[in-house]
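Trainee: So I've got this file, run15.pdb, and it contains PDB, C-alpha atoms and all ligand atoms:
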```pdb
ATOM      1  CA  MET U  11      74.056 199.130  41.105  1.00  0.00           C
ATOM      2  CA  ILE U  12      77.381 199.038  42.895  1.00  0.00           C
ATOM      3  CA  THR U  13      78.823 195.539  43.067  1.00  0.00           C
ATOM      4  CA  ILE U  14      80.572 194.220  46.174  1.00  0.00           C
ATOM      5  CA  LYS U  15      83.387 191.786  45.387  1.00  0.00           C
ATOM      6  CA  SER U  16      84.072 188.690  47.496  1.00  0.00           C
ATOM      7  CA  PRO U  17      87.654 187.932  48.610  1.00  0.00           C
ATOM      8  CA  GLN U  18      87.831 185.342  45.786  1.00  0.00           C
ATOM      9  CA  GLU U  19      86.700 187.932  43.250  1.00  0.00           C
ATOM     10  CA  LEU U  20      89.219 190.459  44.571  1.00  0.00           C
ATOM     11  CA  GLU U  21      91.926 187.849  44.085  1.00  0.00           C
ATOM     12  CA  LYS U  22      90.836 187.483  40.430  1.00  0.00           C
ATOM     13  CA  MET U  23      90.924 191.251  40.020  1.00  0.00           C
ATOM     14  CA  ARG U  24      94.403 191.296  41.517  1.00  0.00           C
ATOM     15  CA  ARG U  25      95.458 188.907  38.769  1.00  0.00           C
ATOM     16  CA  SER U  26      93.947 190.890  35.892  1.00  0.00           C
ATOM     17  CA  ASN U  27      95.482 194.057  37.317  1.00  0.00           C
ATOM     18  CA  ALA U  28      98.869 192.350  37.698  1.00  0.00           C
ATOM     19  CA  ILE U  29      98.799 191.783  33.930  1.00  0.00           C
ATOM     20  CA  VAL U  30      97.972 195.478  33.385  1.00  0.00           C
ATOM     21  CA  ARG U  31     100.832 196.429  35.713  1.00  0.00           C
ATOM     22  CA  GLU U  32     103.252 194.203  33.805  1.00  0.00           C
ATOM     23  CA  VAL U  33     102.145 195.654  30.456  1.00  0.00           C
ATOM     24  CA  LEU U  34     102.636 199.221  31.702  1.00  0.00           C
ATOM     25  CA  ARG U  35     106.068 198.362  33.139  1.00  0.00           C
ATOM     26  CA  ILE U  36     107.179 196.940  29.786  1.00  0.00           C
ATOM     27  CA  LEU U  37     105.760 199.963  27.951  1.00  0.00           C
ATOM     28  CA  GLU U  38     107.707 202.287  30.267  1.00  0.00           C
ATOM     29  CA  GLU U  39     110.886 200.343  29.534  1.00  0.00           C
ATOM     30  CA  ASN U  40     110.245 200.720  25.800  1.00  0.00           C
ATOM     31  CA  THR U  41     109.355 204.415  25.827  1.00  0.00           C
ATOM     32  CA  ALA U  42     112.179 206.332  24.138  1.00  0.00           C
ATOM     33  CA  ALA U  43     112.784 208.903  21.430  1.00  0.00           C
ATOM     34  CA  GLY U  44     112.240 207.310  18.006  1.00  0.00           C
ATOM     35  CA  VAL U  45     109.723 204.723  19.214  1.00  0.00           C
ATOM     36  CA  THR U  46     106.176 205.212  17.920  1.00  0.00           C
ATOM     37  CA  THR U  47     103.068 204.834  20.046  1.00  0.00           C
ATOM     38  CA  LEU U  48     101.891 202.252  17.486  1.00  0.00           C
ATOM     39  CA  ASP U  49     104.981 200.206  18.472  1.00  0.00           C
ATOM     40  CA  LEU U  50     103.835 200.544  22.098  1.00  0.00           C
ATOM     41  CA  ASP U  51     100.292 199.495  21.140  1.00  0.00           C
ATOM     42  CA  ARG U  52     101.643 196.311  19.538  1.00  0.00           C
ATOM     43  CA  ILE U  53     103.846 195.552  22.558  1.00  0.00           C
ATOM     44  CA  SER U  54     100.888 196.062  24.910  1.00  0.00           C
ATOM     45  CA  GLU U  55      98.657 193.670  22.974  1.00  0.00           C
ATOM     46  CA  GLU U  56     101.359 190.993  22.600  1.00  0.00           C
ATOM     47  CA  THR U  57     102.273 191.116  26.295  1.00  0.00           C
ATOM     48  CA  CYS U  58      98.611 190.933  27.285  1.00  0.00           C
ATOM     49  CA  ARG U  59      97.771 187.998  25.016  1.00  0.00           C
ATOM     50  CA  LYS U  60     100.890 186.123  26.172  1.00  0.00           C
ATOM     51  CA  ARG U  61      99.281 186.184  29.626  1.00  0.00           C
ATOM     52  CA  LYS U  62      96.034 184.757  28.168  1.00  0.00           C
ATOM     53  CA  ALA U  63      94.245 188.033  28.773  1.00  0.00           C
ATOM     54  CA  LYS U  64      92.227 190.167  26.357  1.00  0.00           C
ATOM     55  CA  PRO U  65      92.967 193.861  25.780  1.00  0.00           C
ATOM     56  CA  ALA U  66      89.950 195.561  27.336  1.00  0.00           C
ATOM     57  CA  PHE U  67      89.739 198.700  25.241  1.00  0.00           C
ATOM     58  CA  LYS U  68      89.965 197.227  21.720  1.00  0.00           C
ATOM     59  CA  GLY U  69      86.434 197.306  20.322  1.00  0.00           C
ATOM     60  CA  TYR U  70      85.017 198.960  23.431  1.00  0.00           C
ATOM     61  CA  ARG U  71      82.416 201.387  22.002  1.00  0.00           C
ATOM     62  CA  GLY U  72      84.382 201.071  18.767  1.00  0.00           C
ATOM     63  CA  TYR U  73      87.788 202.109  20.184  1.00  0.00           C
ATOM     64  CA  PRO U  74      90.218 200.741  17.545  1.00  0.00           C
ATOM     65  CA  PHE U  75      93.387 200.044  19.595  1.00  0.00           C
ATOM     66  CA  SER U  76      94.569 198.095  22.646  1.00  0.00           C
ATOM     67  CA  LEU U  77      96.358 201.063  24.181  1.00  0.00           C
ATOM     68  CA  CYS U  78      95.407 204.678  24.772  1.00  0.00           C
ATOM     69  CA  ALA U  79      98.588 206.714  24.172  1.00  0.00           C
ATOM     70  CA  SER U  80      98.097 210.431  24.767  1.00  0.00           C
ATOM     71  CA  VAL U  81     101.076 212.652  23.931  1.00  0.00           C
ATOM     72  CA  ASN U  82     101.700 216.155  25.358  1.00  0.00           C
ATOM     73  CA  GLU U  83      98.448 218.182  24.996  1.00  0.00           C
ATOM     74  CA  GLN U  84      96.444 214.991  24.509  1.00  0.00           C
ATOM     75  CA  VAL U  85      94.517 214.258  27.711  1.00  0.00           C
ATOM     76  CA  VAL U  86      93.108 210.739  27.264  1.00  0.00           C
ATOM     77  CA  HIS U  87      92.028 208.267  24.546  1.00  0.00           C
ATOM     78  CA  GLY U  88      94.886 209.252  22.237  1.00  0.00           C
ATOM     79  CA  PHE U  89      95.178 206.987  19.185  1.00  0.00           C
ATOM     80  CA  PRO U  90      98.534 205.212  18.844  1.00  0.00           C
ATOM     81  CA  SER U  91     100.235 206.721  15.780  1.00  0.00           C
ATOM     82  CA  THR U  92     103.247 206.497  13.470  1.00  0.00           C
ATOM     83  CA  ARG U  93     104.738 209.744  14.810  1.00  0.00           C
ATOM     84  CA  PRO U  94     108.002 208.833  16.569  1.00  0.00           C
ATOM     85  CA  LEU U  95     108.245 210.053  20.149  1.00  0.00           C
ATOM     86  CA  ARG U  96     110.684 212.950  20.601  1.00  0.00           C
ATOM     87  CA  ASP U  97     112.981 213.903  23.434  1.00  0.00           C
ATOM     88  CA  GLY U  98     110.970 216.014  25.897  1.00  0.00           C
ATOM     89  CA  ASP U  99     107.530 214.598  25.015  1.00  0.00           C
ATOM     90  CA  ILE U 100     105.307 213.241  27.755  1.00  0.00           C
ATOM     91  CA  VAL U 101     103.100 210.246  27.025  1.00  0.00           C
ATOM     92  CA  SER U 102     100.141 208.970  29.039  1.00  0.00           C
ATOM     93  CA  MET U 103      99.616 205.233  28.596  1.00  0.00           C
ATOM     94  CA  ASP U 104      96.292 203.759  29.683  1.00  0.00           C
ATOM     95  CA  PHE U 105      95.764 199.993  29.452  1.00  0.00           C
ATOM     96  CA  GLY U 106      92.990 197.591  30.426  1.00  0.00           C
ATOM     97  CA  ALA U 107      92.910 193.782  30.461  1.00  0.00           C
ATOM     98  CA  LEU U 108      90.153 191.195  30.829  1.00  0.00           C
ATOM     99  CA  PHE U 109      91.295 187.994  32.550  1.00  0.00           C
ATOM    100  CA  GLU U 110      89.028 185.176  33.775  1.00  0.00           C
ATOM    101  CA  GLY U 111      85.968 187.405  33.747  1.00  0.00           C
ATOM    102  CA  PHE U 112      87.387 190.441  35.524  1.00  0.00           C
ATOM    103  CA  TYR U 113      88.837 193.703  34.289  1.00  0.00           C
ATOM    104  CA  GLY U 114      92.003 195.502  35.317  1.00  0.00           C
ATOM    105  CA  ASP U 115      92.634 199.151  34.397  1.00  0.00           C
ATOM    106  CA  ALA U 116      95.566 201.480  35.095  1.00  0.00           C
ATOM    107  CA  ALA U 117      97.494 204.346  33.531  1.00  0.00           C
ATOM    108  CA  VAL U 118     100.834 206.117  33.875  1.00  0.00           C
ATOM    109  CA  THR U 119     102.439 209.190  32.324  1.00  0.00           C
ATOM    110  CA  VAL U 120     106.147 209.139  31.517  1.00  0.00           C
ATOM    111  CA  GLY U 121     108.606 211.637  30.104  1.00  0.00           C
ATOM    112  CA  VAL U 122     110.636 210.805  26.997  1.00  0.00           C
ATOM    113  CA  GLY U 123     114.376 211.451  27.362  1.00  0.00           C
ATOM    114  CA  ARG U 124     114.739 214.702  29.274  1.00  0.00           C
ATOM    115  CA  PRO U 125     111.340 216.390  29.802  1.00  0.00           C
ATOM    116  CA  SER U 126     111.214 220.009  30.986  1.00  0.00           C
ATOM    117  CA  ASP U 127     111.012 220.834  34.699  1.00  0.00           C
ATOM    118  CA  ALA U 128     107.424 221.991  34.122  1.00  0.00           C
ATOM    119  CA  ALA U 129     106.542 218.648  32.529  1.00  0.00           C
ATOM    120  CA  LYS U 130     108.192 216.728  35.370  1.00  0.00           C
ATOM    121  CA  ARG U 131     106.322 218.795  37.952  1.00  0.00           C
ATOM    122  CA  LEU U 132     103.004 218.085  36.183  1.00  0.00           C
ATOM    123  CA  ILE U 133     103.715 214.344  36.107  1.00  0.00           C
ATOM    124  CA  ASP U 134     104.813 214.229  39.750  1.00  0.00           C
ATOM    125  CA  THR U 135     101.793 216.242  40.882  1.00  0.00           C
ATOM    126  CA  THR U 136      99.364 213.994  39.004  1.00  0.00           C
ATOM    127  CA  ARG U 137     100.927 210.811  40.441  1.00  0.00           C
ATOM    128  CA  ALA U 138     100.796 212.302  43.940  1.00  0.00           C
ATOM    129  CA  ALA U 139      97.193 213.477  43.437  1.00  0.00           C
ATOM    130  CA  LEU U 140      96.191 209.886  42.678  1.00  0.00           C
ATOM    131  CA  CYS U 141      97.849 208.816  45.969  1.00  0.00           C
ATOM    132  CA  GLU U 142      95.926 211.542  47.830  1.00  0.00           C
ATOM    133  CA  GLY U 143      92.676 210.213  46.371  1.00  0.00           C
ATOM    134  CA  ILE U 144      93.557 206.599  47.137  1.00  0.00           C
ATOM    135  CA  GLN U 145      94.213 207.487  50.788  1.00  0.00           C
ATOM    136  CA  LYS U 146      90.546 208.519  51.062  1.00  0.00           C
ATOM    137  CA  ALA U 147      89.280 205.202  49.600  1.00  0.00           C
ATOM    138  CA  ARG U 148      88.372 203.869  53.036  1.00  0.00           C
ATOM    139  CA  CYS U 149      85.319 202.217  54.610  1.00  0.00           C
ATOM    140  CA  GLY U 150      83.026 204.861  56.067  1.00  0.00           C
ATOM    141  CA  ASN U 151      84.298 207.723  53.916  1.00  0.00           C
ATOM    142  CA  ARG U 152      82.067 209.197  51.215  1.00  0.00           C
ATOM    143  CA  LEU U 153      82.824 208.892  47.517  1.00  0.00           C
ATOM    144  CA  SER U 154      83.441 212.608  47.053  1.00  0.00           C
ATOM    145  CA  ASP U 155      86.088 212.593  49.788  1.00  0.00           C
ATOM    146  CA  ILE U 156      88.281 211.011  47.085  1.00  0.00           C
ATOM    147  CA  SER U 157      87.251 213.650  44.524  1.00  0.00           C
ATOM    148  CA  HIS U 158      87.870 216.527  46.899  1.00  0.00           C
ATOM    149  CA  ALA U 159      91.302 215.276  47.967  1.00  0.00           C
ATOM    150  CA  VAL U 160      92.438 215.035  44.338  1.00  0.00           C
ATOM    151  CA  GLN U 161      91.149 218.481  43.371  1.00  0.00           C
ATOM    152  CA  THR U 162      92.531 220.226  46.459  1.00  0.00           C
ATOM    153  CA  PHE U 163      95.991 218.743  45.951  1.00  0.00           C
ATOM    154  CA  VAL U 164      96.117 219.550  42.231  1.00  0.00           C
ATOM    155  CA  GLU U 165      94.941 223.134  42.607  1.00  0.00           C
ATOM    156  CA  ALA U 166      97.333 223.759  45.526  1.00  0.00           C
ATOM    157  CA  HIS U 167     100.089 223.025  43.002  1.00  0.00           C
ATOM    158  CA  GLY U 168      98.707 225.489  40.452  1.00  0.00           C
ATOM    159  CA  PHE U 169      97.283 222.942  37.993  1.00  0.00           C
ATOM    160  CA  SER U 170      93.678 222.096  37.027  1.00  0.00           C
ATOM    161  CA  VAL U 171      91.654 218.866  37.033  1.00  0.00           C
ATOM    162  CA  VAL U 172      89.690 217.742  33.991  1.00  0.00           C
ATOM    163  CA  ARG U 173      85.918 217.605  34.572  1.00  0.00           C
ATOM    164  CA  SER U 174      84.686 215.901  31.396  1.00  0.00           C
ATOM    165  CA  PHE U 175      86.144 212.474  32.222  1.00  0.00           C
ATOM    166  CA  VAL U 176      85.874 210.626  35.516  1.00  0.00           C
ATOM    167  CA  GLY U 177      86.970 207.416  37.209  1.00  0.00           C
ATOM    168  CA  HIS U 178      84.617 204.490  37.672  1.00  0.00           C
ATOM    169  CA  GLY U 179      83.728 201.286  39.444  1.00  0.00           C
ATOM    170  CA  ILE U 180      85.278 198.204  37.819  1.00  0.00           C
ATOM    171  CA  GLY U 181      84.804 194.423  38.021  1.00  0.00           C
ATOM    172  CA  ARG U 182      83.038 192.112  35.591  1.00  0.00           C
ATOM    173  CA  GLU U 183      82.456 195.281  33.539  1.00  0.00           C
ATOM    174  CA  LEU U 184      85.118 197.804  32.559  1.00  0.00           C
ATOM    175  CA  HIS U 185      82.865 200.643  33.658  1.00  0.00           C
ATOM    176  CA  GLU U 186      80.611 200.023  36.631  1.00  0.00           C
ATOM    177  CA  GLU U 187      78.895 202.407  38.997  1.00  0.00           C
ATOM    178  CA  PRO U 188      79.759 204.713  40.630  1.00  0.00           C
ATOM    179  CA  GLN U 189      81.405 207.462  38.620  1.00  0.00           C
ATOM    180  CA  VAL U 190      84.444 208.842  40.459  1.00  0.00           C
ATOM    181  CA  PRO U 191      84.964 212.541  39.673  1.00  0.00           C
ATOM    182  CA  ASN U 192      88.287 214.218  40.418  1.00  0.00           C
ATOM    183  CA  PHE U 193      86.617 217.360  41.748  1.00  0.00           C
ATOM    184  CA  GLY U 194      83.858 218.435  44.111  1.00  0.00           C
ATOM    185  CA  PRO U 195      83.052 219.147  47.744  1.00  0.00           C
ATOM    186  CA  PRO U 196      83.827 216.493  50.404  1.00  0.00           C
ATOM    187  CA  GLY U 197      81.234 214.398  52.243  1.00  0.00           C
ATOM    188  CA  LYS U 198      78.874 213.689  49.320  1.00  0.00           C
ATOM    189  CA  GLY U 199      77.847 210.560  47.420  1.00  0.00           C
ATOM    190  CA  ILE U 200      77.728 206.946  48.507  1.00  0.00           C
ATOM    191  CA  ARG U 201      79.397 205.653  51.631  1.00  0.00           C
ATOM    192  CA  LEU U 202      82.401 203.471  50.759  1.00  0.00           C
ATOM    193  CA  ARG U 203      82.203 199.819  51.820  1.00  0.00           C
ATOM    194  CA  ALA U 204      84.582 196.867  51.887  1.00  0.00           C
ATOM    195  CA  GLY U 205      84.520 194.965  48.581  1.00  0.00           C
ATOM    196  CA  MET U 206      83.963 197.960  46.337  1.00  0.00           C
ATOM    197  CA  VAL U 207      86.569 198.444  43.610  1.00  0.00           C
ATOM    198  CA  LEU U 208      87.187 201.869  42.085  1.00  0.00           C
ATOM    199  CA  ALA U 209      89.356 202.933  39.157  1.00  0.00           C
ATOM    200  CA  ILE U 210      90.591 206.326  40.327  1.00  0.00           C
ATOM    201  CA  GLU U 211      92.090 208.309  37.443  1.00  0.00           C
ATOM    202  CA  PRO U 212      92.972 211.989  37.769  1.00  0.00           C
ATOM    203  CA  MET U 213      93.667 213.872  34.528  1.00  0.00           C
ATOM    204  CA  VAL U 214      95.609 217.037  35.333  1.00  0.00           C
ATOM    205  CA  ASN U 215      96.217 219.998  33.023  1.00  0.00           C
ATOM    206  CA  GLU U 216      99.102 222.434  33.100  1.00  0.00           C
ATOM    207  CA  GLY U 217      96.722 225.259  32.086  1.00  0.00           C
ATOM    208  CA  GLY U 218      92.918 225.395  32.003  1.00  0.00           C
ATOM    209  CA  CYS U 219      90.695 222.375  32.689  1.00  0.00           C
ATOM    210  CA  GLU U 220      88.787 222.616  29.366  1.00  0.00           C
ATOM    211  CA  VAL U 221      89.192 219.837  26.819  1.00  0.00           C
ATOM    212  CA  GLU U 222      87.988 219.222  23.285  1.00  0.00           C
ATOM    213  CA  ILE U 223      87.677 216.083  21.174  1.00  0.00           C
ATOM    214  CA  LEU U 224      89.539 215.800  17.864  1.00  0.00           C
ATOM    215  CA  GLU U 225      87.848 214.766  14.575  1.00  0.00           C
ATOM    216  CA  ASP U 226      88.712 211.106  15.181  1.00  0.00           C
ATOM    217  CA  GLY U 227      85.892 211.193  17.748  1.00  0.00           C
ATOM    218  CA  TRP U 228      88.142 209.953  20.584  1.00  0.00           C
ATOM    219  CA  THR U 229      91.318 211.939  21.221  1.00  0.00           C
ATOM    220  CA  ALA U 230      90.763 214.486  23.991  1.00  0.00           C
ATOM    221  CA  VAL U 231      93.146 217.470  23.959  1.00  0.00           C
ATOM    222  CA  THR U 232      93.499 220.507  26.191  1.00  0.00           C
ATOM    223  CA  ARG U 233      91.712 223.502  24.707  1.00  0.00           C
ATOM    224  CA  ASP U 234      94.771 225.712  25.362  1.00  0.00           C
ATOM    225  CA  ARG U 235      97.071 222.970  23.972  1.00  0.00           C
ATOM    226  CA  LYS U 236      99.161 222.987  27.159  1.00  0.00           C
ATOM    227  CA  LEU U 237     100.339 219.686  28.650  1.00  0.00           C
ATOM    228  CA  SER U 238      98.159 217.106  30.404  1.00  0.00           C
ATOM    229  CA  ALA U 239      99.027 214.063  32.549  1.00  0.00           C
ATOM    230  CA  HIS U 240      97.008 211.010  33.659  1.00  0.00           C
ATOM    231  CA  PHE U 241      97.532 208.317  36.289  1.00  0.00           C
ATOM    232  CA  GLU U 242      95.109 205.534  37.211  1.00  0.00           C
ATOM    233  CA  HIS U 243      94.934 202.650  39.655  1.00  0.00           C
ATOM    234  CA  SER U 244      92.223 200.069  40.302  1.00  0.00           C
ATOM    235  CA  VAL U 245      91.746 200.181  44.075  1.00  0.00           C
ATOM    236  CA  ALA U 246      89.833 197.794  46.364  1.00  0.00           C
ATOM    237  CA  ILE U 247      88.290 199.130  49.545  1.00  0.00           C
ATOM    238  CA  THR U 248      89.018 196.726  52.401  1.00  0.00           C
ATOM    239  CA  LYS U 249      88.627 196.628  56.168  1.00  0.00           C
ATOM    240  CA  ASN U 250      92.370 197.309  56.319  1.00  0.00           C
ATOM    241  CA  GLY U 251      92.209 200.365  54.054  1.00  0.00           C
ATOM    242  CA  PRO U 252      92.777 200.888  50.328  1.00  0.00           C
ATOM    243  CA  TYR U 253      94.398 198.004  48.454  1.00  0.00           C
ATOM    244  CA  ILE U 254      95.962 198.968  45.106  1.00  0.00           C
ATOM    245  CA  LEU U 255      95.134 195.998  42.858  1.00  0.00           C
ATOM    246  CA  SER U 256      97.219 197.460  40.013  1.00  0.00           C
ATOM    247  CA  GLY U 257     100.158 198.236  42.320  1.00  0.00           C
ATOM    248  CA  ASP U 258     103.562 196.547  42.533  1.00  0.00           C
TER     249      ASP U 258
HETATM  250 CO    CO X   1      89.620 203.733  33.686  1.00  0.00          CO
END
```
As structure tokens, what does this structure read like?
Mentor:
Amino acid sequence: MITIKSPQELEKMRRSNAIVREVLRILEENTAAGVTTLDLDRISEETCRKRKAKPAFKGYRGYPFSLCASVNEQVVHGFPSTRPLRDGDIVSMDFGALFEGFYGDAAVTVGVGRPSDAAKRLIDTTRAALCEGIQKARCGNRLSDISHAVQTFVEAHGFSVVRSFVGHGIGRELHEEPQVPNFGPPGKGIRLRAGMVLAIEPMVNEGGCEVEILEDGWTAVTRDRKLSAHFEHSVAITKNGPYILSGD
């Protein structure tokens, strides 16, 4: 079932997503060579709890941390670790918060120090691919219009989109229907309606789209061990077009 949110519910989701946005902004400010992703995990949880919100991922299907921190070839669901970040790394930070009954969910990828031109191009392309998808999140469009826009943009830039993980509806549950793939033909799937909220989250690989899961059961890495980037926004579909709940 796809839930339709009332204006009051959308306002609540704007608030939970504002907390996610603030957490990610503070994490970006703290990302530097020498900092560990476990430091970032602690900062994310403290910032979230200070706002009276609950970290959404901790305990979700047994996920052991508040933050997903995926470094370099890690695609998503990277475990925060004691390995200090190094100049030139890229780190994808995905954070969710539960506030007054509603979830917020967003992700960004940032370079540490001075990332390579290739790394910067991957990050910029992934951020822009999310924008391309969001522009299709309009009343009357079909779900896969979002998917197709993301895939077309990414592949035009010579990168590949991950198939094994997808975006999702979001609201009173972290993961609601429908699934939102980042690939596929246009014009398929449900018709988008005002009050739907979608977490759109392209994962883009420098090389091939194949991923594998490490022995920890969570961390997804590129099979070819080339770089991967991830951006996510929670987006409401409104009569006036897409509204980025997790935006500034
Ligand atoms: Co998500």
Trainee: Using all atoms listed in the file, which residues have at least one atom no more than 9 Å from ligand CO 1 (chain X)? Output them as a list of chain:residue names.
Mentor: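 The neighbouring residues of ligand CO 1 (chain X) are, in order, U:Asp104, U:Phe105, U:Gly106, U:Gly114, U:Asp115, U:Ala116, U:Ala117, U:Val176, U:Gly177, U:His178, U:Gly179, U:Ile180, U:Leu184, U:His185, U:Leu208, U:Ala209, U:Ile210, U:Glu211, U:Glu242, U:His243, U:Ser244.
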Trainee: Can you list, as a PyMOL selection string, the residues that the PyMOL selection byres (((chain U and resi 173) around 12) and not hetatm) selects here?
Mentor: chain U and resi 85+157+161+170-172+174-177+189-194+211-215+218-222+232
Trainee: Let me make sure I understand: among U:Glu216, U:Asp134, U:Asp258, U:Glu165, which one has the smallest atom-to-atom distance to Ser238 (chain U) if we use only C-alpha atoms?
Mentor: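 Once distances to Ser238 (chain U) are computed over only C-alpha atoms, the minimum belongs to U:Glu216.
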Trainee: When you count only C-alpha atoms, which of these residues is closest to Asn82 (chain U): U:Ile200, U:Leu34, U:Ala129, U:Ala66?
Mentor: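 Using only C-alpha atoms, the shortest distance to Asn82 (chain U) belongs to U:Ala129.
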Trainee: In terms of the shortest atom-to-atom distance over all atoms listed in the file, which of U:Leu20, U:Pro188, U:Pro90, U:Val231 is closest to Arg152 (chain U)?
Mentor: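 Of U:Leu20, U:Pro188, U:Pro90, U:Val231, the one nearest Arg152 (chain U) is U:Pro188, counting all atoms listed in the file.
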Trainee: Could you check how far CA of Gly88 (chain U) sits from CA of Thr229 (chain U), in Å to one decimal?
Mentor: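 It comes out at 4.6 Å.
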Trainee: From the list U:Ile247, U:Cys58, U:Ala239, U:Met103, which residue is nearest Lys146 (chain U) when using only C-alpha atoms?
Mentor: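 For Lys146 (chain U), the nearest of the candidates is U:Ile247.
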Trainee: Let me make sure I understand: among U:Ser26, U:Gln18, U:Thr13, U:Gln145, which one has the smallest atom-to-atom distance to Leu255 (chain U) if we use only C-alpha atoms?
Mentor: U:Ser26
Trainee: Could you tell me, as a list in words, exactly which residues end up selected when the PyMOL selection byres (((chain U and resi 199) around 9) and not hetatm) is applied to this structure?
Mentor: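 Evaluating the PyMOL selection byres (((chain U and resi 199) around 9) and not hetatm) on these coordinates yields Arg152, Leu153, Ser154, Asp155, Pro196, Gly197, Lys198, Ile200 and Arg201 of chain U.
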Trainee: Can you spell out as a PyMOL selection string the set of residues that the PyMOL selection byres (((chain U and resi 130) around 12) and not hetatm) selects in the structure I just provided?
Mentor: chain U and resi 82+98-101+119-129+131-137+216+237-239
Trainee: May I have the residues within 10 Å of Arg182 (chain U) as a short mmCIF file (atom, residue, chain, number, x, y, z; two decimals) with C-alpha atoms, keeping the file's coordinate frame, using only C-alpha atoms and disregarding those fewer than 6 positions away in the same chain?
Mentor:
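Generated file (around.cif):
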```cif
data_model
loop_
_atom_site.label_atom_id
_atom_site.label_comp_id
_atom_site.auth_asym_id
_atom_site.auth_seq_id
_atom_site.Cartn_x
_atom_site.Cartn_y
_atom_site.Cartn_z
CA THR U 13 78.82 195.54 43.07
CA LYS U 15 83.39 191.79 45.39
CA GLU U 19 86.70 187.93 43.25
CA MET U 23 90.92 191.25 40.02
CA LEU U 108 90.15 191.20 30.83
CA PHE U 109 91.30 187.99 32.55
CA GLU U 110 89.03 185.18 33.78
CA GLY U 111 85.97 187.40 33.75
CA PHE U 112 87.39 190.44 35.52
CA TYR U 113 88.84 193.70 34.29
CA GLY U 114 92.00 195.50 35.32
#
```
Trainee: Pick out the residues sitting within 9 Å of Ala138 (chain U), and hand them over as a list in words; count all atoms listed in the file, and ignore anything fewer than 4 positions along from it in its own chain.
Mentor: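 Using all atoms listed in the file, the neighbours found are Ile133, Asp134, Glu142, Gly143, Val160, Phe163 and Val164 of chain U.
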Trainee: For CA of Ala230 (chain U) and CA of Ser80 (chain U), determine how far apart the two atoms are, in Å to one decimal place.
Mentor: 8.4 Å
Trainee: Would you pick out the contacts of Leu37 (chain U) at 10 Å or less, using all atoms listed in the file, so that residues sharing its chain but fewer than 4 positions from it are not included, and give the list as a list in words?
Mentor: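 Final neighbour list, sorted by chain and number: Arg31, Glu32, Val33, Thr41, Ala42, Thr47, Asp49, Leu50, Asp51, Ile53, Ser54, Thr57, Met103, Val118 and Val120 of chain U.
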Trainee: Could you work out how far CA of Gly257 (chain U) lies from CA of Gly44 (chain U), giving the answer in Å with one decimal?
Mentor: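 One can read the CA of Gly44 (chain U) to CA of Gly257 (chain U) distance as 28.6 Å.
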Trainee: So that I can check the surroundings of Pro74 (chain U), please list as a list in words every protein, DNA and RNA residue that reaches within 12 Å of it, counting only C-alpha atoms and ignoring chain neighbours fewer than 2 positions away.
Mentor: Leu48, Asp51, Pro65, Ala66, Phe67, Lys68, Gly69, Tyr70, Arg71, Gly72, Ser76, Leu77, Cys78, His87, Gly88, Phe89, Pro90, Ser91, Asp226, Gly227, Trp228 and Thr229 of chain U
Trainee: Can you write just those residues out, C-alpha atoms, as an mmCIF file, in the frame of the given file?
Mentor:
```cif
data_model
loop_
_atom_site.group_PDB
_atom_site.id
_atom_site.type_symbol
_atom_site.label_atom_id
_atom_site.label_comp_id
_atom_site.auth_asym_id
_atom_site.auth_seq_id
_atom_site.Cartn_x
_atom_site.Cartn_y
_atom_site.Cartn_z
ATOM 1 C CA LEU U 48 101.891 202.252 17.486
ATOM 2 C CA ASP U 51 100.292 199.495 21.140
ATOM 3 C CA PRO U 65 92.967 193.861 25.780
ATOM 4 C CA ALA U 66 89.950 195.561 27.336
ATOM 5 C CA PHE U 67 89.739 198.700 25.241
ATOM 6 C CA LYS U 68 89.965 197.227 21.720
ATOM 7 C CA GLY U 69 86.434 197.306 20.322
ATOM 8 C CA TYR U 70 85.017 198.960 23.431
ATOM 9 C CA ARG U 71 82.416 201.387 22.002
ATOM 10 C CA GLY U 72 84.382 201.071 18.767
ATOM 11 C CA SER U 76 94.569 198.095 22.646
ATOM 12 C CA LEU U 77 96.358 201.063 24.181
ATOM 13 C CA CYS U 78 95.407 204.678 24.772
ATOM 14 C CA HIS U 87 92.028 208.267 24.546
ATOM 15 C CA GLY U 88 94.886 209.252 22.237
ATOM 16 C CA PHE U 89 95.178 206.987 19.185
ATOM 17 C CA PRO U 90 98.534 205.212 18.844
ATOM 18 C CA SER U 91 100.235 206.721 15.780
ATOM 19 C CA ASP U 226 88.712 211.106 15.181
ATOM 20 C CA GLY U 227 85.892 211.193 17.748
ATOM 21 C CA TRP U 228 88.142 209.953 20.584
ATOM 22 C CA THR U 229 91.318 211.939 21.221
#
```
